[in-house]
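Step one of this worksheet: look at the structure below.
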Amino acid sequence: MSKIFSKEQVNRGRQAELDLAKCLSIIFMIFLHCYMYASGFANEISVPMQRAVSQLLGRPFAAPVFMFAMGVGMVYSRNQEPFYLIKRGIKLMLLGVVVNVGEWMLPHFLAGKLLGDWEMIPIAGGLLLFCVDILAFAGMAMILTGVLKKLKLASWQIVIVAIVLSVIASFVRFHNFGSEVANLITGYFVGSIRDNGTSFTSFPLFNWFIFPAVGMLFGEWYIRCSNKKKLLCLWPLGLAASLVYFVIPWSTAKGFICSEDVHYYYWMHTVDALVCLICIYGVIGLCYFVSLVLPDSFKGFISKTSSNINAIYVIQWFLIPITFILIYYFDRNVKYSNLTFAFIAIIEIVVCTAIAAVYKYFLKKGKKKA
């Protein structure tokens, strides 16, 4: 172990492999969200493309990596004080409400006004304004981390708390708590199901806290890693083992993390989460060895893009629904193929990245003037 880890911090600052992993995660998310809309219209998207985007890349290779990286980022942050984490968590939860405006409210009224279809994007009487998306979860995770740090818990102890919460959520998931409001409130913590089989929550705290928690523990060791090649050398094994776990059940069983019912992903049980952590190790290892051959200019671009990742996530939820609704408004006979769907997703990635970069540029410029 002494040959891999130093007593001192040797990896301060941005890490190219973590930035690359975060960028890939947001790319996969945007592809998934574009598929979610394209699949609601006439389409000829092939089954292999559907599964690759909506059941594999858009699931374990997306949000789990994103949230694990957030946990690592907490260790690398210059401010790790409990109050700062709680304050930042509250801001992220409020930002999650903004995301829900773009994801649910705006497209609901746009589809109703332009297409005359008020049921295309249901909003459950406005309750979906408080749907638990990934930023709402990230905010709750920050708040809980701040509280646990205030209680002087070490990272390994926080991981134990996260495992306990995951086990609890594994047994409670798919429970109906009896009313819309009760399901909405409990949905912040566990995967609760409504009478119509839908839910108010995608990323409940108990199921997902394990990713930033383990990310923090990993970050405390990673920041002292003096031999990344040795630490990450088993990445092919991590990717191969997790891929087998994700893909084999497609034809042999139901109820697994990558099955057709997306709730099994959103409300994954503890074993699923542990396999996702193995997959994340593989992703970080792959990104590290890829980063070794990337030119510095491209790594600089990846670093800047990674720092804008929250802005990109918010922007894409405003842009994607509007894009697909407007396309249908101008062409009611539109039919999406693999190529057209992928083309739109790539355009969305480029536009969201550009808008986020411009937004951050003027934000920094405004702060300098102030």
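So you can find residues: chains in the structure tokens are A, B, ... in the order shown, residues in each start at 1, and ligands are numbered from 1 in order.
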Distance query stretch 328-341 of chain A at most 8 Å, only C-alpha atoms, self and fewer than 6 positions along chain excluded, as a list of chain:residue names:
A:Cys34, A:Tyr35, A:Ala38, A:Phe41, A:Ala42, A:Asn43, A:Glu44, A:Ile45, A:Ser46, A:Met49, A:Leu114, A:Leu115
Include all heavy atoms and write out the residues we just selected as a compact mmCIF listing (two decimals), in the first residue's frame.
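Saved as out30.txt:
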```
# COMPACT_ATOMS: atom_id res chain seq x y z
N CYS A 34 -32.86 12.63 -24.42
CA CYS A 34 -33.33 12.78 -25.81
C CYS A 34 -34.10 11.53 -26.25
O CYS A 34 -35.13 11.62 -26.92
CB CYS A 34 -32.15 13.02 -26.75
SG CYS A 34 -31.47 14.69 -26.65
N TYR A 35 -33.59 10.37 -25.86
CA TYR A 35 -34.29 9.12 -26.21
C TYR A 35 -35.67 9.08 -25.55
O TYR A 35 -36.65 8.64 -26.18
CB TYR A 35 -33.48 7.90 -25.78
CG TYR A 35 -34.30 6.63 -25.85
CD1 TYR A 35 -34.56 6.04 -27.08
CD2 TYR A 35 -34.85 6.07 -24.71
CE1 TYR A 35 -35.35 4.90 -27.17
CE2 TYR A 35 -35.63 4.93 -24.78
CZ TYR A 35 -35.89 4.35 -26.01
OH TYR A 35 -36.67 3.24 -26.10
N ALA A 38 -37.79 11.20 -27.79
CA ALA A 38 -37.94 10.64 -29.14
C ALA A 38 -38.82 9.39 -29.13
O ALA A 38 -39.61 9.17 -30.05
CB ALA A 38 -36.56 10.30 -29.71
N PHE A 41 -42.65 9.69 -29.56
CA PHE A 41 -43.21 9.99 -30.88
C PHE A 41 -42.98 8.78 -31.80
O PHE A 41 -42.32 7.81 -31.41
CB PHE A 41 -42.54 11.23 -31.47
CG PHE A 41 -42.77 12.49 -30.66
CD1 PHE A 41 -41.79 12.93 -29.77
CD2 PHE A 41 -43.96 13.20 -30.78
CE1 PHE A 41 -42.00 14.08 -29.02
CE2 PHE A 41 -44.17 14.35 -30.03
CZ PHE A 41 -43.19 14.79 -29.15
N ALA A 42 -43.49 8.85 -33.01
CA ALA A 42 -43.26 7.77 -33.98
C ALA A 42 -41.76 7.63 -34.21
O ALA A 42 -41.06 8.63 -34.42
CB ALA A 42 -43.97 8.07 -35.29
N ASN A 43 -41.27 6.41 -34.13
CA ASN A 43 -39.83 6.23 -34.27
C ASN A 43 -39.49 4.83 -34.79
O ASN A 43 -40.31 3.90 -34.66
CB ASN A 43 -39.11 6.48 -32.94
CG ASN A 43 -39.39 5.41 -31.91
OD1 ASN A 43 -38.72 4.39 -31.85
ND2 ASN A 43 -40.41 5.65 -31.08
N GLU A 44 -38.30 4.72 -35.33
CA GLU A 44 -37.76 3.44 -35.78
C GLU A 44 -36.42 3.19 -35.11
O GLU A 44 -35.51 2.60 -35.70
CB GLU A 44 -37.59 3.46 -37.31
CG GLU A 44 -38.91 3.63 -38.06
CD GLU A 44 -38.71 3.81 -39.55
OE1 GLU A 44 -37.58 4.18 -39.94
OE2 GLU A 44 -39.67 3.60 -40.32
N ILE A 45 -36.30 3.62 -33.88
CA ILE A 45 -35.06 3.44 -33.14
C ILE A 45 -34.90 1.95 -32.83
O ILE A 45 -35.80 1.32 -32.26
CB ILE A 45 -35.06 4.26 -31.85
CG1 ILE A 45 -35.23 5.75 -32.18
CG2 ILE A 45 -33.77 4.06 -31.06
CD1 ILE A 45 -35.41 6.64 -30.97
N SER A 46 -33.78 1.38 -33.20
CA SER A 46 -33.58 -0.07 -33.08
C SER A 46 -33.47 -0.49 -31.62
O SER A 46 -33.11 0.30 -30.74
CB SER A 46 -32.31 -0.48 -33.82
OG SER A 46 -31.17 0.07 -33.18
N MET A 49 -30.01 0.03 -30.06
CA MET A 49 -29.81 1.44 -29.71
C MET A 49 -30.60 1.80 -28.46
O MET A 49 -30.10 2.48 -27.55
CB MET A 49 -30.21 2.34 -30.88
CG MET A 49 -30.16 3.82 -30.56
SD MET A 49 -28.49 4.46 -30.32
CE MET A 49 -28.05 4.88 -32.02
N LEU A 114 -49.30 24.58 -27.87
CA LEU A 114 -48.90 24.41 -29.27
C LEU A 114 -49.54 23.19 -29.92
O LEU A 114 -49.92 23.22 -31.09
CB LEU A 114 -47.38 24.31 -29.39
CG LEU A 114 -46.57 25.57 -29.11
CD1 LEU A 114 -45.08 25.29 -29.33
CD2 LEU A 114 -47.02 26.73 -30.00
N LEU A 115 -49.63 22.09 -29.16
CA LEU A 115 -50.09 20.83 -29.75
C LEU A 115 -51.52 20.47 -29.35
O LEU A 115 -52.09 19.53 -29.90
CB LEU A 115 -49.14 19.69 -29.33
CG LEU A 115 -47.65 19.91 -29.59
CD1 LEU A 115 -46.85 18.70 -29.11
CD2 LEU A 115 -47.38 20.18 -31.06
```
Using only C-alpha atoms: which of A:Leu110, A:Val53, A:Ile309, A:Ile160 has the shortest distance to A:Leu326
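Of A:Leu110, A:Val53, A:Ile309, A:Ile160, the one nearest A:Leu326, counting only C-alpha atoms, is A:Leu110.
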Contact residues around A:Leu148 with only C-alpha atoms at 12 Å, ignoring same-chain residues under 2 positions, as a PyMOL selection string
chain A and resi 81-83+85-86+141-146+150-162+213
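Proximity ranking of A:Ser242, A:Thr201, A:Ser6, A:Gln15 relative to A:Gly282 places A:Ser242 first, based on only C-alpha atoms.
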Nearest to A:Val132: which of A:Tyr265, A:Trp250, A:Tyr188, A:Phe177 is it, counting only C-alpha atoms?
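Of the candidates, the smallest distance to A:Val132 is held by A:Tyr188.
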Give me the residues near A:Gly187 as a list in words, where near means some atom within 9 Å (using only C-alpha atoms) and where sequence neighbours in that chain fewer than 4 positions away do not count.
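Here the answer would be Cys131, Val132, Ala182, Asn183, Gly191, Ser192, Ile193, Ser199, Phe200, Thr201, Ser202, Phe203, Pro204 and Leu205 of chain A.
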Find the residues around A:Asn310 up to 12 Å (only C-alpha atoms counted), leave out those fewer than 2 positions away in its own chain, and share them as a ChimeraX atom specification.
/A:22-23,25-26,66-67,70,91-92,95-96,98-99,134-136,138-139,304-308,312-317,352-353,356-357,359-360
Where in stretch 8-246 of chain A does DSSP assign alpha helix (DSSP H), given as a VMD selection string?
chain A and resid 16 to 38 47 to 50 63 to 76 82 to 100 106 to 110 134 to 150 155 to 172 180 to 186 205 to 208 210 to 222 228 to 231 235 to 246
Let's have the selection written as a short mmCIF file (atom, residue, chain, number, x, y, z; two decimals), in the first residue's frame, with C-alpha atoms.
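Contents of selection25.cif, as written:
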```
data_model
loop_
_atom_site.label_atom_id
_atom_site.label_comp_id
_atom_site.auth_asym_id
_atom_site.auth_seq_id
_atom_site.Cartn_x
_atom_site.Cartn_y
_atom_site.Cartn_z
CA ALA A 16 -8.20 14.77 -15.83
CA GLU A 17 -9.67 11.28 -15.45
CA LEU A 18 -12.39 12.45 -13.06
CA ASP A 19 -13.25 15.38 -15.32
CA LEU A 20 -13.47 13.02 -18.30
CA ALA A 21 -15.69 10.59 -16.37
CA LYS A 22 -18.05 13.45 -15.41
CA CYS A 23 -18.20 14.68 -19.00
CA LEU A 24 -19.05 11.20 -20.25
CA SER A 25 -21.77 10.89 -17.61
CA ILE A 26 -23.50 14.10 -18.76
CA ILE A 27 -23.20 13.02 -22.41
CA PHE A 28 -24.92 9.72 -21.58
CA MET A 29 -27.61 11.56 -19.61
CA ILE A 30 -28.39 13.88 -22.51
CA PHE A 31 -28.60 10.92 -24.89
CA LEU A 32 -30.97 9.22 -22.43
CA HIS A 33 -33.19 12.27 -22.04
CA CYS A 34 -33.33 12.78 -25.81
CA TYR A 35 -34.29 9.12 -26.21
CA MET A 36 -37.02 9.52 -23.58
CA TYR A 37 -38.64 12.21 -25.74
CA ALA A 38 -37.94 10.64 -29.14
CA VAL A 47 -33.70 -2.30 -30.01
CA PRO A 48 -29.88 -2.38 -29.67
CA MET A 49 -29.81 1.44 -29.71
CA GLN A 50 -32.68 1.61 -27.21
CA ALA A 63 -25.87 9.24 -12.68
CA PRO A 64 -23.85 6.88 -10.41
CA VAL A 65 -20.60 8.19 -11.93
CA PHE A 66 -21.90 11.76 -11.62
CA MET A 67 -22.74 11.36 -7.91
CA PHE A 68 -19.56 9.44 -7.08
CA ALA A 69 -17.54 12.26 -8.65
CA MET A 70 -19.48 14.74 -6.52
CA GLY A 71 -18.32 12.87 -3.42
CA VAL A 72 -14.71 12.93 -4.61
CA GLY A 73 -15.12 16.63 -5.36
CA MET A 74 -16.10 17.32 -1.74
CA VAL A 75 -12.68 16.06 -0.66
CA TYR A 76 -10.90 18.17 -3.27
CA PRO A 82 -20.34 21.39 7.54
CA PHE A 83 -22.18 24.72 7.33
CA TYR A 84 -20.83 25.34 3.82
CA LEU A 85 -21.97 21.88 2.68
CA ILE A 86 -25.44 22.41 4.14
CA LYS A 87 -25.72 25.86 2.53
CA ARG A 88 -24.56 24.47 -0.82
CA GLY A 89 -27.00 21.59 -0.48
CA ILE A 90 -29.93 23.96 0.00
CA LYS A 91 -28.90 25.85 -3.15
CA LEU A 92 -28.76 22.58 -5.12
CA MET A 93 -32.23 21.59 -3.89
CA LEU A 94 -33.59 24.94 -5.06
CA LEU A 95 -31.80 24.43 -8.37
CA GLY A 96 -33.56 21.07 -8.55
CA VAL A 97 -36.90 22.92 -8.49
CA VAL A 98 -35.66 25.06 -11.40
CA VAL A 99 -34.83 21.84 -13.27
CA ASN A 100 -38.38 20.60 -12.69
CA LEU A 106 -42.70 24.39 -19.24
CA PRO A 107 -43.13 21.43 -21.64
CA HIS A 108 -46.56 20.69 -20.12
CA PHE A 109 -47.87 24.14 -21.02
CA LEU A 110 -45.96 24.25 -24.30
CA ILE A 134 -30.59 14.32 -9.51
CA LEU A 135 -29.85 17.89 -8.36
CA ALA A 136 -32.48 17.66 -5.63
CA PHE A 137 -30.80 14.45 -4.49
CA ALA A 138 -27.36 16.06 -4.71
CA GLY A 139 -28.63 18.83 -2.46
CA MET A 140 -29.99 16.38 0.11
CA ALA A 141 -26.74 14.41 -0.02
CA MET A 142 -24.76 17.61 0.65
CA ILE A 143 -27.00 18.50 3.58
CA LEU A 144 -26.76 15.01 5.09
CA THR A 145 -22.98 15.02 4.62
CA GLY A 146 -22.77 18.39 6.37
CA VAL A 147 -24.82 17.09 9.29
CA LEU A 148 -22.74 13.91 9.60
CA LYS A 149 -19.51 15.90 9.43
CA LYS A 150 -20.88 18.20 12.13
CA SER A 155 -15.69 9.18 5.85
CA TRP A 156 -15.61 5.43 6.55
CA GLN A 157 -18.35 5.92 9.14
CA ILE A 158 -20.40 7.94 6.65
CA VAL A 159 -20.08 5.00 4.24
CA ILE A 160 -21.50 2.68 6.90
CA VAL A 161 -24.44 5.08 7.37
CA ALA A 162 -24.93 5.07 3.57
CA ILE A 163 -24.95 1.25 3.43
CA VAL A 164 -27.53 1.07 6.23
CA LEU A 165 -29.73 3.58 4.41
CA SER A 166 -29.34 1.60 1.18
CA VAL A 167 -30.40 -1.64 2.87
CA ILE A 168 -33.45 0.07 4.39
CA ALA A 169 -34.41 1.50 1.00
CA SER A 170 -33.98 -1.92 -0.62
CA PHE A 171 -36.82 -3.28 1.53
CA VAL A 172 -39.06 -0.19 1.49
CA GLU A 180 -50.14 11.88 -3.28
CA VAL A 181 -48.62 14.20 -0.68
CA ALA A 182 -47.31 11.31 1.44
CA ASN A 183 -45.73 9.69 -1.63
CA LEU A 184 -44.21 13.02 -2.61
CA ILE A 185 -42.65 13.59 0.82
CA THR A 186 -41.41 10.02 1.35
CA LEU A 205 -31.68 9.87 -0.76
CA PHE A 206 -31.51 6.48 0.95
CA ASN A 207 -30.91 4.54 -2.30
CA TRP A 208 -28.31 6.90 -3.75
CA ILE A 210 -23.93 5.45 -1.08
CA PHE A 211 -22.35 6.94 -4.23
CA PRO A 212 -21.19 10.33 -2.87
CA ALA A 213 -20.35 8.65 0.46
CA VAL A 214 -18.01 6.09 -1.13
CA GLY A 215 -16.78 8.86 -3.44
CA MET A 216 -15.63 10.84 -0.40
CA LEU A 217 -13.79 7.85 1.04
CA PHE A 218 -12.22 7.14 -2.33
CA GLY A 219 -11.24 10.80 -2.67
CA GLU A 220 -9.42 10.81 0.67
CA TRP A 221 -7.19 7.98 -0.59
CA TYR A 222 -7.02 9.19 -4.18
CA LYS A 228 -2.47 5.76 -10.19
CA LYS A 229 -1.42 3.15 -12.74
CA LYS A 230 -1.09 0.54 -10.03
CA LEU A 231 -4.28 1.59 -8.24
CA TRP A 235 -10.14 -1.38 -14.52
CA PRO A 236 -10.83 -3.89 -17.37
CA LEU A 237 -11.90 -6.48 -14.80
CA GLY A 238 -14.19 -3.95 -13.09
CA LEU A 239 -15.85 -3.00 -16.36
CA ALA A 240 -16.17 -6.58 -17.62
CA ALA A 241 -17.65 -7.94 -14.37
CA SER A 242 -20.17 -5.12 -14.06
CA LEU A 243 -21.18 -5.32 -17.73
CA VAL A 244 -21.98 -9.01 -17.32
CA TYR A 245 -24.17 -8.18 -14.31
CA PHE A 246 -25.94 -5.39 -16.21
#
```
Return the single residue from A:Ile349, A:Leu292, A:Leu127, A:Leu234 that is closest to A:Cys279, with distances computed using only C-alpha atoms.
A:Leu234
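Candidate residues A:Pro295, A:Val247, A:Asp272, A:Ile344 were compared for distance to A:Glu260, and the nearest is A:Val247, using only C-alpha atoms.
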Residue neighbourhood A:Leu319, 9 Å, only C-alpha atoms, exclusion window fewer than 4 positions, as a PyMOL selection string
chain A and resi 102+315+323-324+348+351-352
